[in-house]
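data-v6.cif (mmCIF, C-alpha atoms and all ligand atoms) appears below.
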data_final
loop_
_atom_site.label_atom_id
_atom_site.label_comp_id
_atom_site.auth_asym_id
_atom_site.auth_seq_id
_atom_site.Cartn_x
_atom_site.Cartn_y
_atom_site.Cartn_z
CA GLU G 89 16.86 90.19 -65.09
CA SER G 90 13.16 89.76 -64.75
CA SER G 91 11.93 93.35 -64.75
CA PHE G 92 9.16 94.06 -67.21
CA ILE G 93 7.41 97.32 -67.92
CA HIS G 94 3.95 96.54 -66.61
CA ARG G 95 0.64 97.75 -65.27
CA PHE G 96 -0.81 96.51 -62.03
CA GLU G 97 -4.35 97.08 -60.85
CA PRO G 98 -5.16 95.84 -57.36
CA ALA G 99 -8.28 93.75 -56.81
CA SER G 100 -11.44 95.69 -56.09
CA ARG G 101 -13.44 92.62 -55.10
CA ALA G 102 -12.44 90.06 -52.48
CA GLY G 103 -12.19 86.42 -53.50
CA THR G 104 -11.38 87.09 -57.15
CA THR G 105 -8.44 85.41 -58.90
CA PRO G 106 -5.63 87.67 -60.13
CA LEU G 107 -5.13 87.70 -63.89
CA LEU G 108 -1.81 87.77 -65.74
CA LEU G 109 -2.59 89.56 -69.01
CA LEU G 110 -0.33 88.73 -71.97
CA HIS G 111 -0.79 90.75 -75.15
CA GLY G 112 -0.26 89.75 -78.78
CA THR G 113 2.48 90.90 -81.16
CA GLY G 114 2.59 94.67 -81.39
CA GLY G 115 0.51 95.14 -78.26
CA ASP G 116 1.54 96.46 -74.89
CA GLU G 117 0.72 96.39 -71.18
CA ASN G 118 -2.43 98.46 -71.70
CA ASP G 119 -4.05 96.28 -74.38
CA LEU G 120 -5.78 93.61 -72.36
CA LEU G 121 -6.77 95.59 -69.25
CA GLY G 122 -10.26 96.14 -70.67
CA LEU G 123 -10.62 92.45 -71.55
CA GLY G 124 -9.43 91.49 -68.06
CA ARG G 125 -11.98 93.78 -66.40
CA MET G 126 -14.74 92.37 -68.62
CA ILE G 127 -14.06 88.70 -68.04
CA SER G 128 -13.30 88.94 -64.32
CA PRO G 129 -14.63 92.16 -62.76
CA GLY G 130 -12.75 93.14 -59.61
CA SER G 131 -9.73 90.85 -60.19
CA ALA G 132 -6.22 92.15 -59.63
CA LEU G 133 -4.60 92.64 -63.05
CA LEU G 134 -0.89 92.16 -63.73
CA SER G 135 -0.01 93.11 -67.28
CA PRO G 136 3.61 93.05 -68.52
CA ARG G 137 4.90 94.31 -71.86
CA GLY G 138 6.82 91.71 -73.89
CA ARG G 139 10.56 92.48 -73.91
CA VAL G 140 11.36 91.31 -77.43
CA LEU G 141 10.98 93.77 -80.30
CA GLU G 142 10.15 92.67 -83.84
CA HIS G 143 10.39 95.70 -86.12
CA GLY G 144 9.47 97.81 -83.10
CA MET G 145 6.56 95.57 -82.08
CA PRO G 146 6.69 94.14 -78.57
CA ARG G 147 6.46 90.36 -78.21
CA PHE G 148 7.22 87.79 -75.53
CA PHE G 149 9.80 85.77 -77.52
CA ARG G 150 11.66 85.77 -80.81
CA ARG G 151 10.36 83.99 -83.88
CA LEU G 152 12.13 83.08 -87.13
CA ALA G 153 8.94 83.43 -89.18
CA GLU G 154 5.20 83.50 -88.51
CA GLY G 155 4.50 80.35 -86.55
CA VAL G 156 8.18 79.31 -86.50
CA PHE G 157 9.65 79.96 -83.09
CA ASP G 158 13.17 80.44 -81.76
CA GLU G 159 12.66 77.74 -79.14
CA GLU G 160 15.76 78.58 -77.13
CA ASP G 161 14.39 82.08 -76.77
CA VAL G 162 10.91 80.73 -75.92
CA GLN G 163 12.44 78.78 -73.02
CA ARG G 164 14.57 81.64 -71.75
CA ARG G 165 11.76 84.19 -71.98
CA ALA G 166 9.19 81.92 -70.37
CA LEU G 167 11.46 81.42 -67.37
CA GLU G 168 12.11 85.17 -67.23
CA LEU G 169 8.35 85.80 -67.23
CA GLY G 170 7.91 83.19 -64.51
CA ALA G 171 10.47 84.97 -62.33
CA PHE G 172 8.69 88.27 -62.94
CA VAL G 173 5.36 86.79 -61.84
CA ASP G 174 6.89 85.34 -58.68
CA GLU G 175 8.48 88.70 -57.81
CA ALA G 176 5.29 90.62 -58.58
CA ARG G 177 3.30 88.25 -56.36
CA GLU G 178 5.53 89.18 -53.43
CA ARG G 179 5.58 92.85 -54.23
CA TYR G 180 1.82 93.18 -54.69
CA GLY G 181 0.75 90.41 -52.33
CA ILE G 182 -1.32 88.44 -54.83
CA ALA G 183 -2.05 84.73 -55.27
CA ALA G 184 -0.89 82.73 -58.28
CA PRO G 185 -2.65 84.26 -61.29
CA VAL G 186 -4.69 82.79 -64.09
CA ALA G 187 -2.98 83.82 -67.35
CA VAL G 188 -5.13 85.39 -70.05
CA GLY G 189 -3.03 85.44 -73.21
CA PHE G 190 -3.83 86.36 -76.79
CA SER G 191 -1.81 85.06 -79.75
CA ASN G 192 1.88 85.53 -78.91
CA GLY G 193 0.83 86.11 -75.29
CA ALA G 194 -1.11 82.83 -75.29
CA ASN G 195 1.94 81.06 -76.71
CA ILE G 196 4.25 82.29 -73.93
CA ALA G 197 1.57 81.33 -71.38
CA ALA G 198 1.51 77.81 -72.85
CA ALA G 199 5.32 77.66 -72.64
CA LEU G 200 5.20 78.83 -69.03
CA LEU G 201 2.64 76.13 -68.18
CA LEU G 202 4.90 73.46 -69.68
CA LEU G 203 8.17 74.75 -68.18
CA LYS G 204 7.09 76.17 -64.80
CA PRO G 205 3.63 74.78 -64.00
CA ASP G 206 3.49 76.23 -60.49
CA VAL G 207 3.62 79.86 -61.62
CA LEU G 208 0.04 79.88 -62.95
CA ALA G 209 -3.20 78.82 -61.30
CA GLY G 210 -4.68 78.23 -64.75
CA ALA G 211 -4.91 79.86 -68.15
CA VAL G 212 -7.19 81.23 -70.82
CA LEU G 213 -5.31 80.68 -74.09
CA LEU G 214 -6.77 82.69 -76.95
CA ARG G 215 -5.54 81.51 -80.41
CA ALA G 216 -2.58 79.60 -78.95
CA MET G 217 -0.17 77.23 -80.71
CA VAL G 218 2.22 74.53 -79.51
CA PRO G 219 5.11 76.66 -78.20
CA LEU G 220 7.85 73.99 -77.97
CA SER G 221 8.32 71.03 -80.31
CA ASP G 222 9.75 68.78 -77.59
CA PRO G 223 8.42 70.07 -74.27
CA PRO G 224 9.42 68.55 -70.94
CA ARG G 225 6.88 66.33 -69.20
CA ALA G 226 5.01 68.88 -67.16
CA ALA G 227 2.88 68.17 -64.10
CA LEU G 228 -0.31 70.15 -64.70
CA THR G 229 -2.55 67.93 -62.59
CA GLY G 230 -6.01 69.46 -62.36
CA LYS G 231 -4.92 72.86 -63.68
CA PRO G 232 -7.87 74.52 -65.41
CA ILE G 233 -7.14 75.66 -68.96
CA LEU G 234 -9.53 77.18 -71.48
CA LEU G 235 -8.25 77.05 -75.06
CA LEU G 236 -10.25 79.03 -77.60
CA SER G 237 -9.32 78.60 -81.26
CA GLY G 238 -10.66 80.11 -84.48
CA GLN G 239 -11.78 77.64 -87.14
CA ASP G 240 -10.59 80.04 -89.87
CA ASP G 241 -7.41 81.18 -88.13
CA PRO G 242 -4.79 81.70 -90.88
CA ILE G 243 -1.95 81.59 -88.30
CA VAL G 244 -2.95 78.58 -86.19
CA PRO G 245 -3.86 75.38 -88.10
CA ALA G 246 -6.60 73.28 -86.46
CA SER G 247 -4.18 70.36 -86.13
CA ASN G 248 -1.81 72.56 -84.13
CA SER G 249 -4.36 73.75 -81.55
CA ALA G 250 -5.67 70.18 -81.24
CA ARG G 251 -2.10 69.03 -80.54
CA LEU G 252 -1.73 71.72 -77.86
CA ALA G 253 -4.97 70.64 -76.20
CA ALA G 254 -3.77 67.01 -76.21
CA LEU G 255 -0.34 67.96 -74.85
CA LEU G 256 -1.85 69.89 -71.94
CA SER G 257 -4.43 67.18 -71.21
CA GLU G 258 -1.76 64.47 -71.23
CA ALA G 259 0.14 66.53 -68.65
CA GLY G 260 -2.94 66.26 -66.44
CA ALA G 261 -4.54 69.67 -67.01
CA ASN G 262 -8.29 70.05 -67.02
CA VAL G 263 -8.57 71.40 -70.58
CA SER G 264 -11.65 72.83 -72.21
CA HIS G 265 -10.99 73.37 -75.94
CA LYS G 266 -13.53 75.16 -78.11
CA VAL G 267 -13.19 75.99 -81.79
CA LEU G 268 -15.15 79.14 -82.64
CA PRO G 269 -16.43 80.38 -85.99
CA ALA G 270 -13.69 83.03 -86.04
CA GLY G 271 -10.28 83.88 -87.44
CA HIS G 272 -7.23 84.96 -85.44
CA GLN G 273 -8.99 88.01 -84.00
CA LEU G 274 -11.09 87.77 -80.88
CA THR G 275 -14.87 87.88 -81.01
CA GLN G 276 -17.69 88.48 -78.53
CA ALA G 277 -17.92 84.70 -78.15
CA ASP G 278 -14.37 84.63 -76.77
CA VAL G 279 -15.27 87.22 -74.15
CA ALA G 280 -18.49 85.44 -73.17
CA LEU G 281 -16.88 81.99 -72.94
CA ALA G 282 -13.87 83.31 -71.01
CA SER G 283 -16.15 85.15 -68.52
CA ASP G 284 -18.26 82.04 -67.91
CA TRP G 285 -15.21 79.85 -67.53
CA ILE G 286 -13.44 82.19 -65.09
CA GLY G 287 -16.64 82.53 -63.09
CA ASN G 288 -16.70 78.76 -62.68
CA VAL G 289 -13.06 78.08 -61.85
CA ALA G 290 -12.24 81.16 -59.76
C1 LIG Z 301 3.62 83.97 -82.48
O1 LIG Z 301 4.57 84.44 -83.05
O2 LIG Z 301 3.57 83.81 -81.25
C2 LIG Z 301 2.46 83.58 -83.33
O3 LIG Z 301 2.84 83.60 -84.67
C3 LIG Z 301 1.28 84.47 -83.06
C4 LIG Z 301 1.58 85.90 -83.42
O4 LIG Z 301 2.17 86.60 -82.61
O5 LIG Z 301 1.20 86.34 -84.51
#

What's the structure tokens form of this structure?
Amino acid sequence: ESSFIHRFEPASRAGTTPLLLLHGTGGDENDLLGLGRMISPGSALLSPRGRVLEHGMPRFFRRLAEGVFDEEDVQRRALELGAFVDEARERYGIAAPVAVGFSNGANIAAALLLLKPDVLAGAVLLRAMVPLSDPPRAALTGKPILLLSGQDDPIVPASNSARLAALLSEAGANVSHKVLPAGHQLTQADVALASDWIGNVA
């Protein structure tokens, strides 16, 4: 079953890359539409709501504690999200999207990259962590990935985001990793860097 409650906005400008918007814990399918429009004006936007509930808060996979993931669920949910994207591409007639994920949404995007590399054309990972402790060897050759971390992020240790950047690079991705003077929340710098980056890869 790969049906997700979602929003879809068709492209309003030719030649733009579709975005797959993936919200953080407690968010929903509406949260990142504004961010998507800001960083890539005119792109088609596909924005699902995470199907896992934690005390009523939507997420994309189960966790045992903050930063401690139920990895079996991560795998299952990432594949489910991949199937949703493939189906949505047919239904809406869009190309492979660039994921734009925040926090839990960035973590499921990272899992999807490692488990099903062909689903995404690239990814903007905002405050992401290593999603799987023993990921398969993925083939991410040349895939553009922007990883933006916060130097004072209380949820994501610097060593963890550095490990994620290394993992993705070793799989062949073209990773740009920047550590911003920020915490877990997004800042104007995230928006500016993501816009620039998308403008250059898309
Ligand atoms: C997660 O559970 O994916 C991370 O702890 C980030 C979060 O959602 O707070």

Original post:
Separation of atom CA of G:Asp240 and atom CA of G:Leu274, in Å?
Top reply: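 Straight-line distance from atom CA of G:Asp240 to atom CA of G:Leu274 works out to 11.9 Å.
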
As a CSV table (one decimal) with C-alpha atoms, in the coordinates of the input, please: the residues near G:Val188 (cut-off 12 Å, only C-alpha atoms, same-chain neighbours under 3 positions excluded).
chain,number,residue,atom,x,y,z
G,105,THR,CA,-8.4,85.4,-58.9
G,106,PRO,CA,-5.6,87.7,-60.1
G,107,LEU,CA,-5.1,87.7,-63.9
G,108,LEU,CA,-1.8,87.8,-65.7
G,109,LEU,CA,-2.6,89.6,-69.0
G,110,LEU,CA,-0.3,88.7,-72.0
G,111,HIS,CA,-0.8,90.8,-75.2
G,112,GLY,CA,-0.3,89.8,-78.8
G,119,ASP,CA,-4.0,96.3,-74.4
G,120,LEU,CA,-5.8,93.6,-72.4
G,121,LEU,CA,-6.8,95.6,-69.2
G,122,GLY,CA,-10.3,96.1,-70.7
G,123,LEU,CA,-10.6,92.4,-71.6
G,124,GLY,CA,-9.4,91.5,-68.1
G,125,ARG,CA,-12.0,93.8,-66.4
G,126,MET,CA,-14.7,92.4,-68.6
G,127,ILE,CA,-14.1,88.7,-68.0
G,128,SER,CA,-13.3,88.9,-64.3
G,133,LEU,CA,-4.6,92.6,-63.0
G,134,LEU,CA,-0.9,92.2,-63.7
G,135,SER,CA,0.0,93.1,-67.3
G,136,PRO,CA,3.6,93.0,-68.5
G,185,PRO,CA,-2.6,84.3,-61.3
G,191,SER,CA,-1.8,85.1,-79.8
G,192,ASN,CA,1.9,85.5,-78.9
G,193,GLY,CA,0.8,86.1,-75.3
G,194,ALA,CA,-1.1,82.8,-75.3
G,195,ASN,CA,1.9,81.1,-76.7
G,196,ILE,CA,4.2,82.3,-73.9
G,197,ALA,CA,1.6,81.3,-71.4
G,198,ALA,CA,1.5,77.8,-72.8
G,208,LEU,CA,0.0,79.9,-63.0
G,209,ALA,CA,-3.2,78.8,-61.3
G,210,GLY,CA,-4.7,78.2,-64.8
G,211,ALA,CA,-4.9,79.9,-68.2
G,212,VAL,CA,-7.2,81.2,-70.8
G,213,LEU,CA,-5.3,80.7,-74.1
G,214,LEU,CA,-6.8,82.7,-77.0
G,215,ARG,CA,-5.5,81.5,-80.4
G,216,ALA,CA,-2.6,79.6,-79.0
G,233,ILE,CA,-7.1,75.7,-69.0
G,234,LEU,CA,-9.5,77.2,-71.5
G,235,LEU,CA,-8.2,77.0,-75.1
G,236,LEU,CA,-10.2,79.0,-77.6
G,278,ASP,CA,-14.4,84.6,-76.8
G,279,VAL,CA,-15.3,87.2,-74.2
G,282,ALA,CA,-13.9,83.3,-71.0
G,283,SER,CA,-16.2,85.2,-68.5
G,285,TRP,CA,-15.2,79.8,-67.5
G,286,ILE,CA,-13.4,82.2,-65.1

Original post:
Smallest atom-to-atom distance to ligand LIG 301 (chain Z): which of G:Arg164, G:Lys231, G:Arg177, G:Arg151, using only C-alpha atoms and all ligand atoms?
Top reply: G:Arg151

Original post:
Within 12 Å of ligand LIG 301 (chain Z), counting all atoms listed in the file, which protein or nucleic acid residues do you find, written as a ChimeraX atom specification?
Top reply: /G:110-115,138,140-142,145-159,161-162,189-199,213-220,241-245,248,272-273

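Candidate residues G:Gly170, G:Gly103, G:Pro232, G:Gly144 were compared for distance to G:Gly260, and the nearest is G:Pro232, using all atoms listed in the file.
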
**OP:** Measuring atom to atom with only C-alpha atoms, identify which of G:Glu175, G:Leu255, G:Gly181, G:Gly238 is nearest to G:Ala277.
**Re:** G:Gly238

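Comparing the minimum interatomic distances between G:Ile182 and each of G:Ala250, G:Leu281, G:Leu201, G:Ala102, counting only C-alpha atoms, we find that G:Ala102 sits nearest.
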
Original post:
Taking all atoms listed in the file into account, which of G:Glu160, G:Ala171, G:Val186, G:Leu202 comes nearest G:Ser91?
Top reply: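 The answer is G:Ala171, which sits nearest to G:Ser91.
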
Subject >> Two-atom distance - atom CA of G:Asn262, atom CA of G:Glu97 (Å) >> reply: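 Spanning atom CA of G:Asn262 to atom CA of G:Glu97 is a straight-line distance of 28.0 Å.
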